[in-house]
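Notes to accompany the following structure.
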Amino acid sequence: MAVMELRETIRNFPATPGVYQMFDADGTLLYVGKARNLRQRVRNYFGPSNDSRPQIRFLMARVAEVRFTVTDTEKEALLLENTLIKQHQPRYNLSLKDDKTFFSLRIDLHERFPRFTVVRKIPRDGARYFGPYVSATAAREVLRQLQRMFPLRHYPLKNCMNRSRPCLYHQIGQCSAPCHHRITPEEYAVLVEGAILFLEGKSRDLVTGFRLRMKQAAEAMRYEEAARWRNLLQALDTTLERQKVVSRGGDSDVLGLARDDERLAVALLFVRGGTLSGSSVLHGLGALEDADALSGFIQQHYAQGAGIPDELLLPADLTDRTTLEEWLGDLKGRKVQLHRPQRGEKAALVELAVRNAQAALQEKGARERSTATTLKELQQRLLLPALPRRIECYDISTLQGRHSVGSGVAFLDGEPDKGRYRRYRIRDIAGQDDFAMLQQVFSRRFSPQRMEEWGLPDLVVVDGGIGQLNSTLAVLEELGMTGRCAVVSLAKSRVQGDGKDSRVVRSEERVFLPGRRNPVKLRQDSAPLKLLAAIRDEAHRFAIGYHRTLRDREALHSTLRDIPGVGPRRERLLLARFGSLTGIGQATADELAQLPGISLELARDLKRRLAADSATPS
């Protein structure tokens with residue numbers, strides 16, 4: 001449809017809230033947007049002063065049709081827009097390519113003796129959540145600090161109650177052992193309250209309360225209790241010295257935005273209780289305007305279950321601010337404000353977030369240019385028909401012919417693409433038959449269903465030498481894949497010499513190509529070889545991890561199933577109730593006999609056999 005025809009069509013659009021969709025001549029959805037006034041919003045794209053920015057210019061050159069859906073309210077338009085973007089993933093809408101899963105600390109105050117756990121999702125289950133933290137490592141580090149200061153229980157209560165004595169954490173002062181009555185419920189509740197106040201940033205109230213309790217205990221000559229409060233105060237002082245107060249008040253997320261013609265970066269600073277507790281940068285593609293990018297980020301990020309603060313500080317005004325506030329308030333269960341500060345400490349925080357976004361965008365651009373150079377050099381040295389943007393590497397791991405497994409890892413533009421990692425259990429193959437094992441792995445990877453979902457990689461790397469390469473080529477030929485993707489093998493360096501020399505000399509790593517007897521030797525410190533070695537090592541690590549899991553699982557199963565009367569069903573019951581062999585061994589025979597299908601006689605036999613196994617030297 002010509003531009004003039006589109007303009008004429010848009011004149012008939014209603015002046016009501018709704019969602020508009022832009023399509024190209026092939027019917028592909030290019031962009032989804034929401035509007036308070038459909039006619040006015042869409043007309044802006046086709047006016048004489050059309051935006052000259054590249055992303056808008058490229059979009060408008062492809063638009064052949066615009067459709068609309070009327071909604072009763074702006075909030076309904078926002079929800080419909082979000083649904084359509086998730087369903088169709090239009091090219092010109094914001095797409096967060098490397099978004100992270102954020103983690104939170106959860107505590108359920110309705111539990112008996114509550115404890116903190118690290119979680120990904122934040123459902124409406126009545127529990128308290130604190131965070132977010134940008135990685136599980138960061139969340140667990142905060143939890144470790146918390147447990148040093150507030151000795152709350154570490155394990156599920158049913159596991160703790162099954163123990164004959166308190167766990168090791170109690171011995172090192174990081175658990176108050178409520179499961180064995182070493183602390184009263186009232187004293188435990190004070191520790192829980194203190195931990196929550198600490199996470200809320202109310203450290204002054206916390207210190208004041210602990211000092212008062214220490215003084216009261218000392219005056220009443222309860223010196224052990226006073227010493228506990230003193231130790232808590234010392235741990236608090238050490239931790240609070242490292243924290244930087246950046247604002248007064250409650251919890252805020254601070255957003256900063258930076259962009260160039262192709263990419264954008266959103267920096268997110270987490271301010272909790274006035275203290276800067278963490279930060280993250282997310283990179284994306286798309287979004288036609290800064291306001292659209294921020295709005296799209298807010299919808300994608302908080303719809304995924306991230307903790308919603310009381311306030312979002314933004315670097316730009318949003319046309320749909322009121323609608324987003326209402327939507328966020330519904331998710332959080334109480335009022336949320338979106339604010340663009342103009343001066344003061346909050347404006348300084350937004351400026352800091354913007355600087356973080358700009359620095360991240362520059363760093364990512366430099367890294368992408370370096371990666372592009374590496375991939376181009378790799379293409380030239382290995383005589384590849386295409387730039388190897390997507391590389392997949394496969395490894396086989398076996399131990400004395402048992403538990404043979406395969407692993408496949410994928411890298412996109414030099415970075416791990418963990419959504420495409422796969423583990424393969426190899427079955428019914430005796431001995432070290434590389435051809436048969438690779439056949440099982442590749443028949444699953446290159447099945448019609450997986451091919452339709454993933455397509456073909458630009459380069460397949462196998463761990464090994466010329467033998468592994470030839471086996472791979474033979475398998476791919478059998479699958480009808482010959483010539484459809486490039487294949488090489490990477491042989492590890494080996495220690496050379498007869499072992500008499502004290503110096504360790506290693507051979508070079510070698511890359512074997514199809515139809516070529518002599519390997520390609522890349523410079524040992526070169527970026528292309530480092531990339532190939534990193535991919536190969538990742539595939540090996542992934543395979544070894546799976547191998548170890550299977551061995552541990554077999555050891556567990558064989559120990560239980562070797563006991564007469566214990567089959568798969570009873571094994572599942574025992575592990576579900578007691579968690580591990582250790583937990584089963586520490587349970588009494590009466591506790592074991594409470595499970596359905598386990599008689600007192602079988603329970604006593606279980607106890608005898610597990611005790612004998614634990615006493616047998618390994």
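Letters for chains follow the order of the structure tokens (A, B, ...), residue numbers begin at 1 for each chain, and ligand numbers begin at 1 in the order shown.
Using only C-alpha atoms, the contacts of segment 90-94 of chain A at a cut-off of 7 Å, with sequence neighbours closer than 3 positions omitted, comprise Leu29, Leu30, Tyr31, Val32, Ile85, Gly284, Leu285, Gly286, Ala287, Ala293 and Gly296 of chain A.
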Taking the chain letters and numbering used in this document, name the residues of segment 30-134 of chain A that DSSP puts in strand (DSSP E or B), as a PyMOL selection string. chain A and resi 30-35+65-70+95-96+103-107+116-119+128-133
Near-segment 112-123 of chain A list (7 Å; only C-alpha atoms; drop same-chain fewer than 3 positions) as a list in words: Thr101, Phe102, Phe103, Ser104, Leu105, Arg106, Ile107, Asp108, Leu109, Ala139, Arg140, Leu152, Arg153, His154, Tyr188 and Gly305 of chain A
Resulting file, chosen residues, C-alpha atoms, as a short mmCIF file (atom, residue, chain, number, x, y, z; two decimals), in the first residue's frame:
```
data_model
loop_
_atom_site.label_atom_id
_atom_site.label_comp_id
_atom_site.auth_asym_id
_atom_site.auth_seq_id
_atom_site.Cartn_x
_atom_site.Cartn_y
_atom_site.Cartn_z
CA THR A 101 16.93 -13.91 35.73
CA PHE A 102 16.89 -11.93 38.95
CA PHE A 103 16.94 -13.59 42.33
CA SER A 104 15.33 -12.68 45.62
CA LEU A 105 15.44 -13.79 49.25
CA ARG A 106 12.18 -15.29 50.50
CA ILE A 107 10.93 -15.77 54.05
CA ASP A 108 7.50 -17.05 55.04
CA LEU A 109 6.56 -15.60 58.41
CA ALA A 139 21.88 -13.53 46.55
CA ARG A 140 23.68 -16.36 48.35
CA LEU A 152 18.43 -18.67 61.60
CA ARG A 153 17.95 -22.26 60.49
CA HIS A 154 19.48 -23.30 57.14
CA TYR A 188 13.97 -16.68 67.39
CA GLY A 305 8.36 -11.51 38.29
#
```
Hey, which of A:Arg516, A:Arg7, A:Lys34, A:Arg67 ends up closest to Leu469 of chain A? Count only C-alpha atoms.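 Selected residue with least distance to Leu469 of chain A: A:Arg516.
Neighbours of Gly307 of chain A closer than or equal to 8 Å, with only C-alpha atoms counted and sequence neighbours fewer than 5 positions away skipped, come out as Ser104, Ile122, Tyr129, Phe130, Gly131, Pro132 and Tyr302 of chain A.
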What is the distance, in Å and to one decimal place, between atom CA of Arg259 of chain A and atom CA of Phe58 of chain A?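 Separation between atom CA of Arg259 of chain A and atom CA of Phe58 of chain A: 16.4 Å.
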Tell me, as a PDB file with C-alpha atoms, in the first residue's frame, which residues lie within 10 Å of Glu538 of chain A, counting only C-alpha atoms; anything in the same chain fewer than 4 positions away does not count.
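Listed below is the output, around.pdb:
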```pdb
ATOM      1  CA  CYS A 393      30.605 -28.259  19.899  1.00  0.00           C
ATOM      2  CA  TYR A 394      30.002 -31.898  20.857  1.00  0.00           C
ATOM      3  CA  ASP A 395      31.863 -34.128  23.273  1.00  0.00           C
ATOM      4  CA  SER A 407      27.107 -33.016  25.439  1.00  0.00           C
ATOM      5  CA  GLY A 408      26.343 -30.247  22.990  1.00  0.00           C
ATOM      6  CA  VAL A 409      27.009 -26.566  23.675  1.00  0.00           C
ATOM      7  CA  ALA A 410      26.236 -23.583  21.455  1.00  0.00           C
ATOM      8  CA  PRO A 416      27.491 -19.025  25.294  1.00  0.00           C
ATOM      9  CA  LEU A 532      37.665 -22.732  19.850  1.00  0.00           C
ATOM     10  CA  ALA A 533      39.397 -23.993  23.005  1.00  0.00           C
ATOM     11  CA  ALA A 534      36.868 -22.203  25.232  1.00  0.00           C
ATOM     12  CA  PHE A 542      29.155 -29.977  30.519  1.00  0.00           C
ATOM     13  CA  ALA A 543      29.642 -33.652  29.650  1.00  0.00           C
ATOM     14  CA  ILE A 544      31.713 -34.391  32.771  1.00  0.00           C
TER      15      ILE A 544
END
```
Can you list, as a ChimeraX atom specification, every residue of segment 351-546 of chain A that DSSP puts in alpha helix (DSSP H)? /A:351-381,434-445,448-454,466-478,527-546
What is the atom CA of Val350 of chain A to atom CA of Leu314 of chain A distance in Å?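 Atom CA of Leu314 of chain A lies 6.6 Å from atom CA of Val350 of chain A.
Each of A:Ala360, A:Leu383, A:Ile298, A:Leu282 was checked against Asp320 of chain A using only C-alpha atoms; the smallest atom-to-atom distance is that of A:Ile298.
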Length of the atom CA of Gly278 of chain A to atom CA of Asp251 of chain A vector [Å]: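 Distance reported for this atom pair: 12.2 Å.
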Residues near Arg321 of chain A, cut-off 9 Å, only C-alpha atoms, skip fewer than 3 positions along chain, as a compact mmCIF listing (two decimals) with N, CA and C atoms, in the first residue's frame:
```txt
# COMPACT_ATOMS: atom_id res chain seq x y z
N SER A 295 9.40 2.22 28.37
CA SER A 295 8.12 1.59 28.63
C SER A 295 8.19 0.09 28.34
N ASP A 317 10.47 11.36 30.26
CA ASP A 317 9.03 11.32 30.53
C ASP A 317 8.37 10.24 29.67
N LEU A 318 7.35 9.59 30.22
CA LEU A 318 6.62 8.56 29.50
C LEU A 318 5.19 9.02 29.26
N LEU A 324 1.16 2.70 33.29
CA LEU A 324 2.19 1.81 33.84
C LEU A 324 2.15 1.80 35.36
N GLU A 325 1.91 2.96 35.97
CA GLU A 325 1.81 3.01 37.43
C GLU A 325 0.64 2.14 37.92
N GLU A 326 -0.48 2.21 37.22
CA GLU A 326 -1.64 1.41 37.61
C GLU A 326 -1.34 -0.09 37.44
N GLN A 337 5.12 4.52 42.05
CA GLN A 337 5.27 5.80 41.36
C GLN A 337 6.39 5.74 40.34
N LEU A 338 6.16 6.36 39.17
CA LEU A 338 7.18 6.56 38.15
C LEU A 338 7.49 8.05 38.12
N HIS A 339 8.78 8.37 38.22
CA HIS A 339 9.15 9.78 38.42
C HIS A 339 10.42 10.10 37.65
```
Quick one: of A:Leu479, A:Val190, A:Phe512, A:Ala474, who's nearest to Lys492 of chain A, counting only C-alpha atoms?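 Residue with the minimum atom-to-atom distance to Lys492 of chain A: A:Phe512.
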Neighbour list for Pro309 of chain A as a PyMOL selection string, cut-off 8 Å, only C-alpha atoms, skip fewer than 6 positions in-chain: chain A and resi 251-253+336
